[in-house]
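Source file: start-v4.txt (compact mmCIF, C-alpha atoms)
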```
# COMPACT_ATOMS: atom_id res chain seq x y z
CA MET A 1 55.56 156.65 167.83
CA ARG A 2 58.95 156.95 169.52
CA GLU A 3 59.40 159.82 171.95
CA ASP A 4 62.21 161.36 169.89
CA GLU A 5 59.97 161.44 166.81
CA LYS A 6 57.46 163.76 168.44
CA PHE A 7 57.47 167.50 167.95
CA THR A 8 60.30 168.81 170.14
CA LEU A 9 59.09 171.25 172.79
CA ALA A 10 60.34 172.61 176.08
CA ILE A 11 58.73 174.77 178.77
CA THR A 12 60.23 177.93 180.26
CA GLU A 13 60.04 178.89 183.94
CA SER A 14 57.20 181.26 183.04
CA GLY A 15 55.25 178.36 181.55
CA ASN A 16 55.63 179.29 177.88
CA LEU A 17 56.35 176.65 175.27
CA VAL A 18 59.55 176.92 173.25
CA VAL A 19 60.95 175.15 170.20
CA PRO A 20 64.67 174.36 170.73
CA LEU A 21 65.91 175.48 167.30
CA ALA A 22 69.56 174.76 168.05
CA TYR A 23 68.70 171.19 169.05
CA LEU A 24 66.86 170.62 165.77
CA LYS A 25 69.73 172.10 163.76
CA ASN A 26 72.59 170.29 165.48
CA MET A 27 71.22 166.84 166.30
CA PHE A 28 70.94 165.81 162.65
CA GLY A 29 74.71 165.65 162.23
CA GLN A 30 75.16 163.73 165.48
CA GLU A 31 72.62 161.10 164.45
CA LEU A 32 74.29 160.69 161.06
CA GLN A 33 77.62 160.04 162.78
CA TYR A 34 75.92 157.38 164.89
CA LEU A 35 74.79 155.64 161.68
CA ILE A 36 78.31 155.72 160.26
CA ASP A 37 79.69 154.09 163.42
CA THR A 38 76.94 151.48 163.62
CA HIS A 39 77.35 150.22 160.06
CA LYS A 40 81.13 150.25 160.33
CA PHE A 41 80.78 147.84 163.25
CA TYR A 42 78.47 145.62 161.21
CA ALA A 43 80.95 145.45 158.34
CA ILE A 44 83.72 144.54 160.80
CA GLY A 45 81.56 141.74 162.16
CA ILE A 46 80.97 140.25 158.72
CA MET A 47 84.65 140.38 157.85
CA SER A 48 85.79 138.89 161.16
CA SER A 49 83.49 135.86 160.76
CA GLU A 50 82.40 136.11 164.38
CA GLU A 51 79.07 134.54 165.18
CA THR A 52 78.12 137.71 167.05
CA TYR A 53 79.69 141.11 167.42
CA ASN A 54 79.11 143.14 170.58
CA SER A 55 79.23 146.92 170.37
CA SER A 56 79.74 148.35 173.84
CA ILE A 57 79.38 151.86 172.42
CA HIS A 58 75.91 151.26 170.99
CA ALA A 59 74.78 148.58 173.47
CA VAL A 60 73.71 146.18 170.72
CA THR A 61 74.66 142.70 169.54
CA PHE A 62 74.63 141.87 165.84
CA GLY A 63 74.25 138.35 164.43
CA PHE A 64 76.58 137.27 161.64
CA GLN A 65 75.46 133.78 160.74
CA TYR A 66 75.84 134.76 157.09
CA ALA A 67 79.60 135.15 157.53
CA GLN A 68 80.17 131.58 158.64
CA ASN A 69 81.97 129.40 156.08
CA LYS A 70 82.06 132.14 153.43
CA SER A 71 85.09 133.03 151.36
CA PHE A 72 86.96 136.27 151.92
CA THR A 73 85.63 137.68 148.64
CA GLU A 74 82.04 136.83 149.58
CA LYS A 75 82.47 138.52 152.94
CA VAL A 76 83.89 141.66 151.35
CA GLU A 77 81.03 141.85 148.85
CA LYS A 78 78.42 141.25 151.54
CA ALA A 79 79.93 143.84 153.88
CA GLN A 80 80.14 146.48 151.15
CA TRP A 81 76.64 145.83 149.84
CA TYR A 82 75.05 145.76 153.29
CA THR A 83 76.79 148.92 154.47
CA SER A 84 75.84 150.76 151.27
CA LYS A 85 72.21 149.65 151.43
CA LYS A 86 71.53 150.24 155.10
CA PHE A 87 73.48 153.47 155.38
CA LEU A 88 71.81 155.07 152.36
CA GLU A 89 68.34 153.94 153.42
CA GLU A 90 68.76 155.12 157.00
CA SER A 91 70.67 158.35 156.36
CA ILE A 92 68.19 159.54 153.73
CA GLY A 93 65.36 158.41 156.01
CA LEU A 94 66.89 160.53 158.76
CA LEU A 95 66.99 163.54 156.43
CA HIS A 96 63.29 163.04 155.66
CA HIS A 97 62.57 162.89 159.40
CA TYR A 98 64.42 166.12 160.15
CA MET A 99 62.80 167.88 157.19
CA GLU A 100 59.44 166.88 158.67
CA ARG A 101 60.43 168.29 162.05
CA LEU A 102 61.64 171.52 160.45
CA TYR A 103 58.38 171.78 158.50
CA SER A 104 56.26 171.36 161.63
CA THR A 105 58.43 173.92 163.45
CA ILE A 106 57.86 176.49 160.70
CA TYR A 107 54.16 175.59 160.62
CA ALA A 108 53.86 176.27 164.35
CA ILE A 109 55.68 179.59 164.20
CA LYS A 110 53.91 180.93 161.12
CA ASN A 111 50.43 179.92 162.22
CA ARG A 112 50.83 181.11 165.82
CA ILE A 113 48.79 178.16 167.02
CA SER A 114 47.15 178.70 170.38
CA HIS A 115 48.95 176.62 172.97
CA GLN A 116 46.67 177.07 175.95
CA ASP A 117 46.01 173.34 175.65
CA GLU A 118 49.46 171.80 175.28
CA GLN A 119 48.20 168.40 174.13
CA HIS A 120 46.05 169.99 171.44
CA PHE A 121 49.03 172.10 170.37
CA ILE A 122 51.23 169.02 170.00
CA SER A 123 48.46 167.11 168.22
CA VAL A 124 48.03 169.84 165.60
CA LEU A 125 51.76 169.91 164.93
CA GLU A 126 51.98 166.14 164.71
CA GLN A 127 49.19 166.11 162.14
CA ALA A 128 51.04 168.72 160.07
CA LYS A 129 54.22 166.64 160.32
CA ILE A 130 52.44 163.40 159.34
CA LYS A 131 50.74 165.04 156.35
CA PHE A 132 54.05 166.44 155.15
CA GLY A 133 55.79 163.11 155.80
CA LYS A 134 53.53 161.28 153.34
CA LYS A 135 54.84 163.33 150.43
CA ASP A 136 57.71 162.12 148.26
CA PHE A 137 61.07 163.86 148.32
CA PRO A 138 60.60 166.14 145.27
CA THR A 139 57.25 167.30 146.68
CA LYS A 140 58.81 168.00 150.07
CA ILE A 141 61.39 170.20 148.37
CA LYS A 142 58.59 172.10 146.59
CA GLU A 143 56.73 172.54 149.89
CA PHE A 144 59.78 174.19 151.43
CA LYS A 145 60.05 176.60 148.50
CA ILE A 146 57.06 178.39 150.04
CA HIS A 147 59.48 179.53 152.74
CA HIS A 148 62.35 180.53 150.43
CA SER A 149 62.60 181.84 146.89
CA ASN A 150 65.77 180.23 145.59
CA THR A 151 67.07 176.75 144.93
CA ILE A 152 68.81 175.52 148.07
CA ASP A 153 72.49 174.67 147.73
CA PHE A 154 73.18 170.94 147.30
CA GLU A 155 69.57 170.22 146.34
CA ASP A 156 70.71 168.29 143.26
CA HIS A 157 73.15 166.32 145.40
CA VAL A 158 70.57 165.13 147.93
CA THR A 159 68.05 164.43 145.16
CA SER A 160 70.57 162.09 143.50
CA LEU A 161 71.28 160.37 146.82
CA ASN A 162 67.55 159.93 147.34
CA LYS A 163 67.34 158.24 143.92
CA ALA A 164 70.12 155.86 144.95
CA ARG A 165 68.26 155.14 148.17
CA ASN A 166 65.07 154.37 146.22
CA CYS A 167 67.04 151.98 144.01
CA PHE A 168 68.13 150.06 147.12
CA VAL A 169 64.63 150.04 148.61
CA HIS A 170 62.90 148.80 145.46
CA ARG A 171 65.63 146.95 143.52
CA LEU A 172 68.26 146.05 146.15
CA GLY A 173 70.68 148.54 144.61
CA VAL A 174 70.66 147.08 141.09
CA VAL A 175 70.21 150.02 138.72
CA SER A 176 67.35 149.80 136.21
CA ASN A 177 65.94 152.20 133.62
CA LEU A 178 63.61 153.47 136.36
CA ASP A 179 66.63 155.00 138.10
CA THR A 180 68.50 156.51 135.17
CA ASN A 181 68.66 159.87 133.45
CA ASN A 182 68.83 160.64 129.72
CA ASN A 183 72.34 159.16 129.55
CA ASN A 184 71.11 155.77 130.83
CA ASN A 185 73.09 156.27 134.03
CA LEU A 186 72.16 156.84 137.63
CA THR A 187 74.35 159.79 138.57
CA VAL A 188 75.10 160.24 142.27
CA LYS A 189 76.52 163.57 143.41
CA TRP A 190 78.34 164.48 146.60
CA ARG A 191 79.57 167.67 148.22
CA ALA A 192 82.79 166.82 150.02
CA PHE A 193 85.62 168.38 151.97
CA ARG A 194 89.17 167.11 151.60
CA ILE A 195 91.25 167.89 154.66
CA ASP A 196 94.59 167.21 152.97
CA GLU A 197 93.77 169.62 150.15
CA LYS A 198 91.88 172.03 152.43
CA LYS A 199 89.11 172.56 149.91
CA PHE A 200 85.50 171.72 149.08
CA ILE A 201 84.85 169.62 145.99
CA ASP A 202 81.87 168.24 144.08
CA ILE A 203 82.03 164.58 143.09
CA GLU A 204 79.94 162.57 140.64
CA ARG A 205 79.73 158.84 140.04
CA ASN A 206 77.74 157.14 137.29
CA TYR A 207 76.11 153.73 137.65
CA GLU A 208 75.05 151.99 134.45
CA ILE A 209 71.92 149.88 134.10
CA GLY A 210 72.51 146.43 135.60
CA THR A 211 75.28 147.51 137.96
CA THR A 212 74.94 147.42 141.74
CA ILE A 213 75.40 150.56 143.81
CA ILE A 214 78.30 150.14 146.22
CA LEU A 215 79.60 152.95 148.41
CA ASP A 216 83.05 152.82 149.96
CA TYR A 217 83.74 154.29 153.39
CA GLN A 218 84.80 157.67 151.97
CA GLU A 219 81.58 157.91 149.97
CA CYS A 220 79.58 157.19 153.11
CA MET A 221 81.44 160.03 154.81
CA ASP A 222 80.81 162.25 151.78
CA THR A 223 77.12 161.33 151.96
CA THR A 224 77.08 162.47 155.58
CA TYR A 225 78.74 165.77 154.72
CA THR A 226 76.37 166.35 151.80
CA LEU A 227 73.25 165.76 153.88
CA ILE A 228 74.49 167.93 156.74
CA SER A 229 75.41 170.73 154.33
CA TYR A 230 72.00 170.61 152.66
CA PHE A 231 70.01 170.56 155.89
CA GLU A 232 72.03 173.40 157.40
CA VAL A 233 71.40 175.64 154.38
CA LEU A 234 67.72 174.64 154.28
CA PHE A 235 67.31 175.33 158.00
CA ASN A 236 69.13 178.68 157.92
CA THR A 237 67.25 179.89 154.84
CA CYS A 238 63.78 178.91 156.04
CA ILE A 239 64.26 180.23 159.58
CA THR A 240 65.69 183.53 158.31
CA ASN A 241 62.86 183.99 155.81
CA ILE A 242 60.19 183.74 158.51
CA GLY A 243 61.87 186.59 160.35
CA LEU A 244 63.97 184.75 162.94
CA ASN A 245 67.68 184.68 163.65
CA LYS A 246 69.09 181.37 162.42
CA ASP A 247 71.46 181.32 165.40
CA ASP A 248 68.76 181.75 168.06
CA PRO A 249 68.83 178.77 170.46
CA PHE A 250 65.02 178.58 170.67
CA TYR A 251 61.73 180.23 169.69
CA GLU A 252 59.33 181.04 172.52
CA PHE A 253 55.54 181.05 172.12
CA LEU A 254 54.52 183.92 174.39
CA SER A 255 51.22 183.75 176.25
```
What do you get writing this file as structure tokens?
Amino acid sequence: MREDEKFTLAITESGNLVVPLAYLKNMFGQELQYLIDTHKFYAIGIMSSEETYNSSIHAVTFGFQYAQNKSFTEKVEKAQWYTSKKFLEESIGLLHHYMERLYSTIYAIKNRISHQDEQHFISVLEQAKIKFGKKDFPTKIKEFKIHHSNTIDFEDHVTSLNKARNCFVHRLGVVSNLDTNNNNNLTVKWRAFRIDEKKFIDIERNYEIGTTIILDYQECMDTTYTLISYFEVLFNTCITNIGLNKDDPFYEFLS
């Protein structure tokens, strides 16, 4: 398990453990932006036909053997398909990860677990996180309803994006009847903000059976905004409903 996947804790000068709530709330958006940048670089590499593409920002080197001797149209299609697939898979995966961390945070606070033994404390929280992580997305949403009474804003949007992600994972983005609703379409929904119009809008796009899901750059940005909006509302609602201030920087487990 990577260090950044573990339950996030810090220790005060008095020796008490704290959960950095602000870190959990704010880092999700930063990691999504990292994904946007990474996959933009990959698409550039495919289009430029370079054998390798070095990203000094992310300290990685991508291989682009596929791009050699391909037509411009083939490169465009490959770049669009790859960016759509990887970004959806990884951004939704990141949402799952942060939902698991939020769940384990709430679990710790509500159950007032004894933390005299720090390693035992972390182990208990990790087990709660792992158990929650094995559930599918609809079940995770139901689990969170224990901590709030209403449907969270943008729940339908992220559920539709999760369906698109599942289509990529299991069918390489080619829509089948397993992905569709009663209208024989896979409907993807976004919550977006348009700077030029200075307003929030809801967007829908339908994919028919047999078509391949392709997201353009704006739709990737809209996906980012949708996921951030959902997680922020989920975080604020759950933290408030267990009696804490959603703007508190941390929660301290007093001895």
Taking (54.1, 165.5, 159.3) in the file's own coordinates, collect the residues within 12 Å, counting only C-alpha atoms, and hand them back as number ranges by chain. A: 5-7, 96-108, 122-135, 140
Skipping near chain neighbours, those fewer than 3 positions away, what residues fall within 10 Å of Leu32 of chain A using only C-alpha atoms, listed as a PDB file with C-alpha atoms, in the coordinates of the input?
```
ATOM      1  CA  MET A  27      71.220 166.840 166.300  1.00  0.00           C
ATOM      2  CA  PHE A  28      70.940 165.810 162.650  1.00  0.00           C
ATOM      3  CA  GLY A  29      74.710 165.650 162.230  1.00  0.00           C
ATOM      4  CA  LEU A  35      74.790 155.640 161.680  1.00  0.00           C
ATOM      5  CA  ILE A  36      78.310 155.720 160.260  1.00  0.00           C
ATOM      6  CA  ASP A  37      79.690 154.090 163.420  1.00  0.00           C
ATOM      7  CA  THR A  38      76.940 151.480 163.620  1.00  0.00           C
ATOM      8  CA  PHE A  87      73.480 153.470 155.380  1.00  0.00           C
ATOM      9  CA  GLU A  90      68.760 155.120 157.000  1.00  0.00           C
ATOM     10  CA  SER A  91      70.670 158.350 156.360  1.00  0.00           C
ATOM     11  CA  ILE A  92      68.190 159.540 153.730  1.00  0.00           C
ATOM     12  CA  LEU A  94      66.890 160.530 158.760  1.00  0.00           C
ATOM     13  CA  LEU A  95      66.990 163.540 156.430  1.00  0.00           C
ATOM     14  CA  MET A 221      81.440 160.030 154.810  1.00  0.00           C
ATOM     15  CA  THR A 223      77.120 161.330 151.960  1.00  0.00           C
ATOM     16  CA  THR A 224      77.080 162.470 155.580  1.00  0.00           C
ATOM     17  CA  TYR A 225      78.740 165.770 154.720  1.00  0.00           C
ATOM     18  CA  LEU A 227      73.250 165.760 153.880  1.00  0.00           C
ATOM     19  CA  ILE A 228      74.490 167.930 156.740  1.00  0.00           C
TER      20      ILE A 228
END
```
Taking 6 positions as the minimum chain separation for residues in the same chain, which residues sit within 10 Å of segment 233-243 of chain A when counting all atoms listed in the file? Answer as JSON, numbers by chain. {"A": [21, 24, 25, 98, 99, 102, 103, 105, 106, 109, 110, 141, 144, 145, 146, 147, 148, 149, 150, 151, 152, 153, 154, 155]}
Atom CA of Asn206 of chain A and atom CA of His157 of chain A, how far apart in Å?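 We find that atom CA of His157 of chain A and atom CA of Asn206 of chain A lie 13.1 Å from each other.
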Gap from atom CA of Lys163 of chain A to atom CA of Lys86 of chain A - Å, one decimal: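 Rounded to one decimal, the two atoms are 14.4 Å apart.
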Choose the residue, out of A:Asp136, A:Asp216, A:Asp247, A:Glu252, that has the smallest atom-to-atom separation from Leu88 of chain A; count all atoms listed in the file.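 Counting all atoms listed in the file, the residue closest to Leu88 of chain A is A:Asp216.
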Between A:Asn184, A:Glu197, A:Ala79, A:Glu89, which has the minimum distance to Asn166 of chain A (counting all atoms listed in the file)?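 Ranked by minimum distance to Asn166 of chain A, first place goes to A:Glu89.
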Residue nearest Phe253 of chain A - candidates A:Asn111, A:Thr226, A:Ser84, A:Asn162, atoms counted: only C-alpha atoms: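 Closest residue, counting only C-alpha atoms: A:Asn111.
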Have a look at atom CA of Phe250 of chain A and atom CA of Lys142 of chain A and let me know their distance in Å, one decimal.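 About the pair atom CA of Phe250 of chain A and atom CA of Lys142 of chain A: they are 25.8 Å apart.
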Quick one: residues within 12 Å of Thr12 of chain A, all atoms listed in the file, excluding same-chain residues fewer than 5 positions away - as an mmCIF file with C-alpha atoms, in the coordinates of the input?
```cif
data_model
loop_
_atom_site.group_PDB
_atom_site.id
_atom_site.type_symbol
_atom_site.label_atom_id
_atom_site.label_comp_id
_atom_site.auth_asym_id
_atom_site.auth_seq_id
_atom_site.Cartn_x
_atom_site.Cartn_y
_atom_site.Cartn_z
ATOM 1 C CA LEU A 17 56.350 176.650 175.270
ATOM 2 C CA VAL A 18 59.550 176.920 173.250
ATOM 3 C CA VAL A 19 60.950 175.150 170.200
ATOM 4 C CA PRO A 20 64.670 174.360 170.730
ATOM 5 C CA PHE A 250 65.020 178.580 170.670
ATOM 6 C CA TYR A 251 61.730 180.230 169.690
ATOM 7 C CA GLU A 252 59.330 181.040 172.520
ATOM 8 C CA PHE A 253 55.540 181.050 172.120
ATOM 9 C CA LEU A 254 54.520 183.920 174.390
ATOM 10 C CA SER A 255 51.220 183.750 176.250
#
```
Take the point (73.7, 169.1, 138.5) as written in the file and pick out every residue within 10 Å of it, counting only C-alpha atoms; give the list as a PyMOL selection string. chain A and resi 154-157+159-160+187-189+202+204
Between A:Ala22, A:Val174, A:Val158, A:Ile201, which one has atoms that come closest to Ile214 of chain A, using all atoms listed in the file? A:Val174
Taking 3 positions as the minimum chain separation for residues in the same chain, which residues sit within 6 Å of segment 167-170 of chain A when counting only C-alpha atoms? Answer as a PyMOL selection string. chain A and resi 85+164+173
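Ranking A:Thr139, A:Thr180, A:Ser229, A:Thr83 by their shortest atom-to-atom distance to Leu215 of chain A, with all atoms listed in the file included, puts A:Thr83 first.
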I'd like the box whose edges run along x, y and z of the file and which contains every listed atom of segment 213-232 of chain A, padded by 8 Å per side; could you state its centre and edge lengths in Å, one decimal, as AutoDock Vina command-line options?
```
--center_x 77.4 --center_y 161.8 --center_z 150.6 --size_x 30.8 --size_y 39.3 --size_z 29.6
```
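Distances to Asn185 of chain A were evaluated for A:Cys220, A:Ile203, A:Leu161, A:Ile209 using all atoms listed in the file, and the minimum falls at A:Ile209.
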